[in-house]
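J.: Quick one: the structure is below, questions incoming.
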Amino acid sequence: MNALPYCRKEVIGDCTLYLGDCMEILPVIGKVDAVITDPPYGINAARARNSQKWRWKDYGGGEWDRERPSPELIKAIVLKARDVILWGGNYFSDLLQPSQKWLVWDKGQTDFSLADCELAWCSFDGAIRRIEYSRSKAIQDGKQHPTQKPVEVMSWCLAQIPKAKIILDPFMGSGTTGVACARGGRAFIGVEIDPGYFEIACDRIRKAYAQPDMFVAAPKPEPEVQFGLTLEGGDA
Ligand SMILES: C[S@@+](CC[C@H](N)C(=O)[O-])C[C@H]1O[C@@H](n2cnc3c(N)ncnc32)[C@H](O)[C@@H]1O
């Protein structure tokens, strides 16, 4: 009998990866500075992708996106850190506090059959920010998960929270947040329930540490805001 709340634990550099259900693992994870995550949205993304005639790749389908995580799990995740960035926040708006700050990933393509943008809810205030990274570039980068985020998008998320040293992703999928942390010199804790995706995450994070051109993103603080105006001028 396994008394541990996880099936496997891998430590790779400053990254600790758990194979298991984050609902059971979250209580044993200590304090983190920030959560950056991309939970299942409950829109059957894996199956939809696999049923498309024009699919580029068969990711193996799966049921993991049939339902969104429970309100209790979303609440536990939001309480885990001061700074939380939750992709797909528009699917959880009934559970999240209103927020001034959202992040927008603009996929550089309008009126396509899939969404033009993806939205991340932030637990902290600040101006809404947008990154443009094309859908086709994201596919060319080499997707191994049906809803894999580009590393550049996750590195940009890290740049929003320059002071956070330990980052948690309880739904790490193929480990993109971990790759961005490895490249950006942040510590990372990741959890994934699917053994196949867990293996992919371990492999990608190992390769990120092995890359000779590994870079540490310079933290870029937000401009100071006073009475709704930035000190550099312009609206907050
Ligand atoms: C939207 S995907 C994340 C994709 C990731 N951002 C990437 O770039 O690869 C969500 C992931 O959460 C995993 N998952 C679902 N429920 C989970 C749970 N209770 N605990 C841990 N992982 C879970 C799924 O297997 C899936 O890989």
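To be explicit about the labels: the chains of the structure tokens are called A, B, and onward in the order shown, and within each one the residues are counted from 1, while ligands get numbers from 1 in the order they are shown.
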Contacts of region 160-164 of chain A at 6 Å or less, counting only C-alpha atoms, minus same-chain residues fewer than 2 places along, as a PyMOL selection string?

T.: chain A and resi 33+157-158+166+219

J.: Save the residues we just selected, all heavy atoms, as a PDB file, in the first residue's frame?

T.:
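And here's part39.pdb as it stands now:
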ATOM      1  N   ASP A  33       5.503  30.865  -4.058  1.00  0.00           N
ATOM      2  CA  ASP A  33       5.357  32.309  -4.305  1.00  0.00           C
ATOM      3  C   ASP A  33       4.257  32.596  -5.322  1.00  0.00           C
ATOM      4  O   ASP A  33       3.629  33.646  -5.286  1.00  0.00           O
ATOM      5  CB  ASP A  33       6.673  32.885  -4.837  1.00  0.00           C
ATOM      6  CG  ASP A  33       7.791  32.734  -3.823  1.00  0.00           C
ATOM      7  OD1 ASP A  33       7.518  32.904  -2.625  1.00  0.00           O
ATOM      8  OD2 ASP A  33       8.930  32.418  -4.234  1.00  0.00           O
ATOM      9  N   CYS A 157       4.552  35.045 -18.801  1.00  0.00           N
ATOM     10  CA  CYS A 157       3.806  35.013 -17.523  1.00  0.00           C
ATOM     11  C   CYS A 157       4.778  35.215 -16.356  1.00  0.00           C
ATOM     12  O   CYS A 157       4.493  35.973 -15.421  1.00  0.00           O
ATOM     13  CB  CYS A 157       3.096  33.670 -17.325  1.00  0.00           C
ATOM     14  SG  CYS A 157       1.729  33.382 -18.420  1.00  0.00           S
ATOM     15  N   LEU A 158       5.921  34.527 -16.418  1.00  0.00           N
ATOM     16  CA  LEU A 158       6.924  34.672 -15.339  1.00  0.00           C
ATOM     17  C   LEU A 158       7.395  36.121 -15.230  1.00  0.00           C
ATOM     18  O   LEU A 158       7.640  36.624 -14.128  1.00  0.00           O
ATOM     19  CB  LEU A 158       8.127  33.765 -15.602  1.00  0.00           C
ATOM     20  CG  LEU A 158       7.937  32.271 -15.360  1.00  0.00           C
ATOM     21  CD1 LEU A 158       9.188  31.507 -15.780  1.00  0.00           C
ATOM     22  CD2 LEU A 158       7.625  31.989 -13.893  1.00  0.00           C
ATOM     23  N   ILE A 166       9.486  30.589  -6.314  1.00  0.00           N
ATOM     24  CA  ILE A 166       8.997  29.193  -6.415  1.00  0.00           C
ATOM     25  C   ILE A 166       7.612  29.209  -7.056  1.00  0.00           C
ATOM     26  O   ILE A 166       6.680  29.836  -6.549  1.00  0.00           O
ATOM     27  CB  ILE A 166       8.907  28.525  -5.024  1.00  0.00           C
ATOM     28  CG1 ILE A 166      10.241  28.642  -4.283  1.00  0.00           C
ATOM     29  CG2 ILE A 166       8.482  27.073  -5.153  1.00  0.00           C
ATOM     30  CD1 ILE A 166      10.185  28.123  -2.856  1.00  0.00           C
ATOM     31  N   PRO A 219      14.144  40.210 -14.803  1.00  0.00           N
ATOM     32  CA  PRO A 219      12.861  40.668 -14.282  1.00  0.00           C
ATOM     33  C   PRO A 219      12.597  42.116 -14.692  1.00  0.00           C
ATOM     34  O   PRO A 219      13.481  42.947 -14.585  1.00  0.00           O
ATOM     35  CB  PRO A 219      13.024  40.557 -12.756  1.00  0.00           C
ATOM     36  CG  PRO A 219      14.212  39.701 -12.554  1.00  0.00           C
ATOM     37  CD  PRO A 219      15.076  39.870 -13.757  1.00  0.00           C
TER      38      PRO A 219
END

J.: Could you produce a table of the residues of chain A lying within 8 Å of ligand 1, with the nearest pair of atoms per residue and their separation in Å rounded to one decimal, using only C-alpha atoms and all ligand atoms, ordered by chain and increasing residue number, as a tab-separated table?

T.:
residue	atom	partner	partner_atom_place_in_ligand_line	distance
A:Leu19	CA	ligand 1	21 (C)	7.6
A:Gly20	CA	ligand 1	21 (C)	5.9
A:Asp21	CA	ligand 1	20 (N)	3.7
A:Cys22	CA	ligand 1	20 (N)	3.9
A:Met23	CA	ligand 1	19 (N)	5.7
A:Thr37	CA	ligand 1	6 (N)	6.6
A:Asp38	CA	ligand 1	6 (N)	4.9
A:Pro39	CA	ligand 1	10 (C)	4.6
A:Pro40	CA	ligand 1	1 (C)	4.6
A:Tyr41	CA	ligand 1	1 (C)	7.0
A:Trp64	CA	ligand 1	24 (C)	5.3
A:Asp65	CA	ligand 1	15 (C)	7.2
A:Pro69	CA	ligand 1	16 (N)	6.9
A:Gln144	CA	ligand 1	9 (O)	7.4
A:His145	CA	ligand 1	9 (O)	5.4
A:Pro146	CA	ligand 1	4 (C)	7.6
A:Thr147	CA	ligand 1	4 (C)	5.1
A:Gln148	CA	ligand 1	8 (O)	3.4
A:Lys149	CA	ligand 1	8 (O)	4.0
A:Pro150	CA	ligand 1	8 (O)	6.8
A:Val151	CA	ligand 1	8 (O)	7.8
A:Pro170	CA	ligand 1	21 (C)	5.7
A:Phe171	CA	ligand 1	12 (O)	3.8
A:Met172	CA	ligand 1	5 (C)	5.0
A:Gly173	CA	ligand 1	27 (O)	3.4
A:Ser174	CA	ligand 1	9 (O)	3.6
A:Gly175	CA	ligand 1	9 (O)	5.4
A:Thr176	CA	ligand 1	8 (O)	4.4
A:Thr177	CA	ligand 1	8 (O)	6.8
A:Val191	CA	ligand 1	21 (C)	5.3
A:Glu192	CA	ligand 1	22 (N)	3.8
A:Ile193	CA	ligand 1	22 (N)	4.1
A:Asp194	CA	ligand 1	25 (O)	4.9
A:Tyr197	CA	ligand 1	27 (O)	6.1
A:Ala201	CA	ligand 1	9 (O)	7.8

J.: Just C-alpha atoms for this one: save the residues we selected as a JSON list (two decimals), in the first residue's frame.

T.:
[["chain", "number", "residue", "atom", "x", "y", "z"],
["A", 19, "LEU", "CA", 2.79, 12.12, -10.81],
["A", 20, "GLY", "CA", -0.64, 12.06, -9.19],
["A", 21, "ASP", "CA", -3.83, 13.95, -8.44],
["A", 22, "CYS", "CA", -3.15, 17.56, -7.42],
["A", 23, "MET", "CA", -6.20, 17.49, -5.14],
["A", 37, "THR", "CA", -1.51, 26.99, -14.36],
["A", 38, "ASP", "CA", -3.73, 25.90, -17.21],
["A", 39, "PRO", "CA", -6.43, 23.59, -15.82],
["A", 40, "PRO", "CA", -8.85, 21.48, -17.86],
["A", 41, "TYR", "CA", -11.56, 23.90, -19.06],
["A", 64, "TRP", "CA", -9.15, 14.68, -18.96],
["A", 65, "ASP", "CA", -10.99, 17.74, -20.33],
["A", 69, "PRO", "CA", -11.94, 20.85, -11.79],
["A", 144, "GLN", "CA", 3.22, 16.96, -27.54],
["A", 145, "HIS", "CA", 0.00, 17.81, -25.71],
["A", 146, "PRO", "CA", -3.33, 18.88, -27.30],
["A", 147, "THR", "CA", -3.48, 22.11, -25.27],
["A", 148, "GLN", "CA", 0.25, 22.77, -24.94],
["A", 149, "LYS", "CA", 1.14, 26.43, -24.33],
["A", 150, "PRO", "CA", 4.19, 27.95, -26.06],
["A", 151, "VAL", "CA", 7.21, 28.29, -23.74],
["A", 170, "PRO", "CA", -0.79, 21.72, -10.41],
["A", 171, "PHE", "CA", -1.96, 20.84, -13.98],
["A", 172, "MET", "CA", 1.41, 20.82, -15.73],
["A", 173, "GLY", "CA", 0.51, 18.66, -18.77],
["A", 174, "SER", "CA", 3.64, 18.48, -20.92],
["A", 175, "GLY", "CA", 5.52, 20.69, -18.43],
["A", 176, "THR", "CA", 5.64, 24.01, -20.32],
["A", 177, "THR", "CA", 5.57, 26.11, -17.14],
["A", 191, "VAL", "CA", 1.84, 17.95, -10.77],
["A", 192, "GLU", "CA", 0.36, 15.83, -13.58],
["A", 193, "ILE", "CA", -2.14, 12.99, -13.27],
["A", 194, "ASP", "CA", -1.48, 11.32, -16.64],
["A", 197, "TYR", "CA", 2.19, 13.53, -20.11],
["A", 201, "ALA", "CA", 7.20, 16.87, -18.91]]

J.: Please identify all polymer residues within 8 Å of region 90-96 of chain A, counting only C-alpha atoms, omitting same-chain residues fewer than 4 positions from it, and present them as a compact mmCIF listing (two decimals) with all heavy atoms, in the first residue's frame.

T.:
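The resulting file, result00.txt, is shown below:
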# COMPACT_ATOMS: atom_id res chain seq x y z
N TYR A 41 -10.48 22.90 -19.01
CA TYR A 41 -11.56 23.90 -19.06
C TYR A 41 -12.94 23.23 -19.10
O TYR A 41 -13.95 23.91 -19.07
CB TYR A 41 -11.43 24.78 -20.32
CG TYR A 41 -10.10 25.49 -20.50
CD1 TYR A 41 -9.74 26.00 -21.74
CD2 TYR A 41 -9.21 25.69 -19.44
CE1 TYR A 41 -8.53 26.66 -21.94
CE2 TYR A 41 -7.99 26.33 -19.63
CZ TYR A 41 -7.66 26.81 -20.88
OH TYR A 41 -6.46 27.46 -21.09
N PRO A 71 -15.07 23.25 -7.82
CA PRO A 71 -14.89 24.57 -7.19
C PRO A 71 -13.93 24.49 -6.00
O PRO A 71 -13.14 25.41 -5.77
CB PRO A 71 -16.30 24.94 -6.73
CG PRO A 71 -17.21 24.19 -7.66
CD PRO A 71 -16.50 22.91 -7.98
N ILE A 74 -10.33 24.50 -7.37
CA ILE A 74 -9.95 25.84 -7.86
C ILE A 74 -9.69 26.76 -6.67
O ILE A 74 -8.70 27.51 -6.63
CB ILE A 74 -11.05 26.41 -8.79
CG1 ILE A 74 -11.13 25.57 -10.08
CG2 ILE A 74 -10.78 27.88 -9.12
CD1 ILE A 74 -9.89 25.58 -10.95
N LYS A 75 -10.53 26.67 -5.64
CA LYS A 75 -10.36 27.52 -4.45
C LYS A 75 -9.03 27.20 -3.76
O LYS A 75 -8.27 28.09 -3.39
CB LYS A 75 -11.53 27.28 -3.49
CG LYS A 75 -11.55 28.25 -2.35
CD LYS A 75 -12.78 28.07 -1.49
CE LYS A 75 -12.64 28.93 -0.24
NZ LYS A 75 -13.56 28.56 0.82
N LEU A 119 -7.30 33.62 -22.53
CA LEU A 119 -7.30 34.59 -21.43
C LEU A 119 -6.84 33.95 -20.13
O LEU A 119 -7.26 32.84 -19.79
CB LEU A 119 -8.71 35.14 -21.21
CG LEU A 119 -9.40 35.78 -22.43
CD1 LEU A 119 -10.83 36.16 -22.09
CD2 LEU A 119 -8.61 36.99 -22.90
N ALA A 120 -5.99 34.68 -19.40
CA ALA A 120 -5.58 34.21 -18.06
C ALA A 120 -6.02 35.23 -17.02
O ALA A 120 -5.74 36.43 -17.16
CB ALA A 120 -4.07 34.02 -18.01
N TRP A 121 -6.68 34.74 -16.00
CA TRP A 121 -7.08 35.57 -14.85
C TRP A 121 -5.87 35.72 -13.93
O TRP A 121 -5.09 34.77 -13.75
CB TRP A 121 -8.21 34.86 -14.10
CG TRP A 121 -8.63 35.48 -12.81
CD1 TRP A 121 -9.56 36.46 -12.63
CD2 TRP A 121 -8.17 35.12 -11.49
NE1 TRP A 121 -9.71 36.74 -11.29
CE2 TRP A 121 -8.86 35.93 -10.57
CE3 TRP A 121 -7.26 34.19 -10.99
CZ2 TRP A 121 -8.66 35.84 -9.19
CZ3 TRP A 121 -7.05 34.12 -9.63
CH2 TRP A 121 -7.74 34.93 -8.74

J.: Using only C-alpha atoms, find the one residue out of A:Ile25, A:Ile43, A:Phe188, A:Tyr6 that sits nearest to Ile205 (chain A).

T.: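 Checking each of A:Ile25, A:Ile43, A:Phe188, A:Tyr6 against Ile205 (chain A), counting only C-alpha atoms, the winner is A:Phe188.
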
J.: If we count only C-alpha atoms, what is near region 106-118 of chain A at a cut-off of 8 Å, once residues fewer than 4 positions away on the same chain are taken out, given as a list of chain:residue names?

T.: A:Trp87, A:Gly88, A:Arg130, A:Ile131, A:Glu132, A:Tyr133, A:Ser134, A:Arg135

J.: For a test of reading the model, state the distance in Å between CA of Ala3 (chain A) and CA of Phe198 (chain A), rounded to one decimal.

T.: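 These atoms are spaced 20.4 Å apart.
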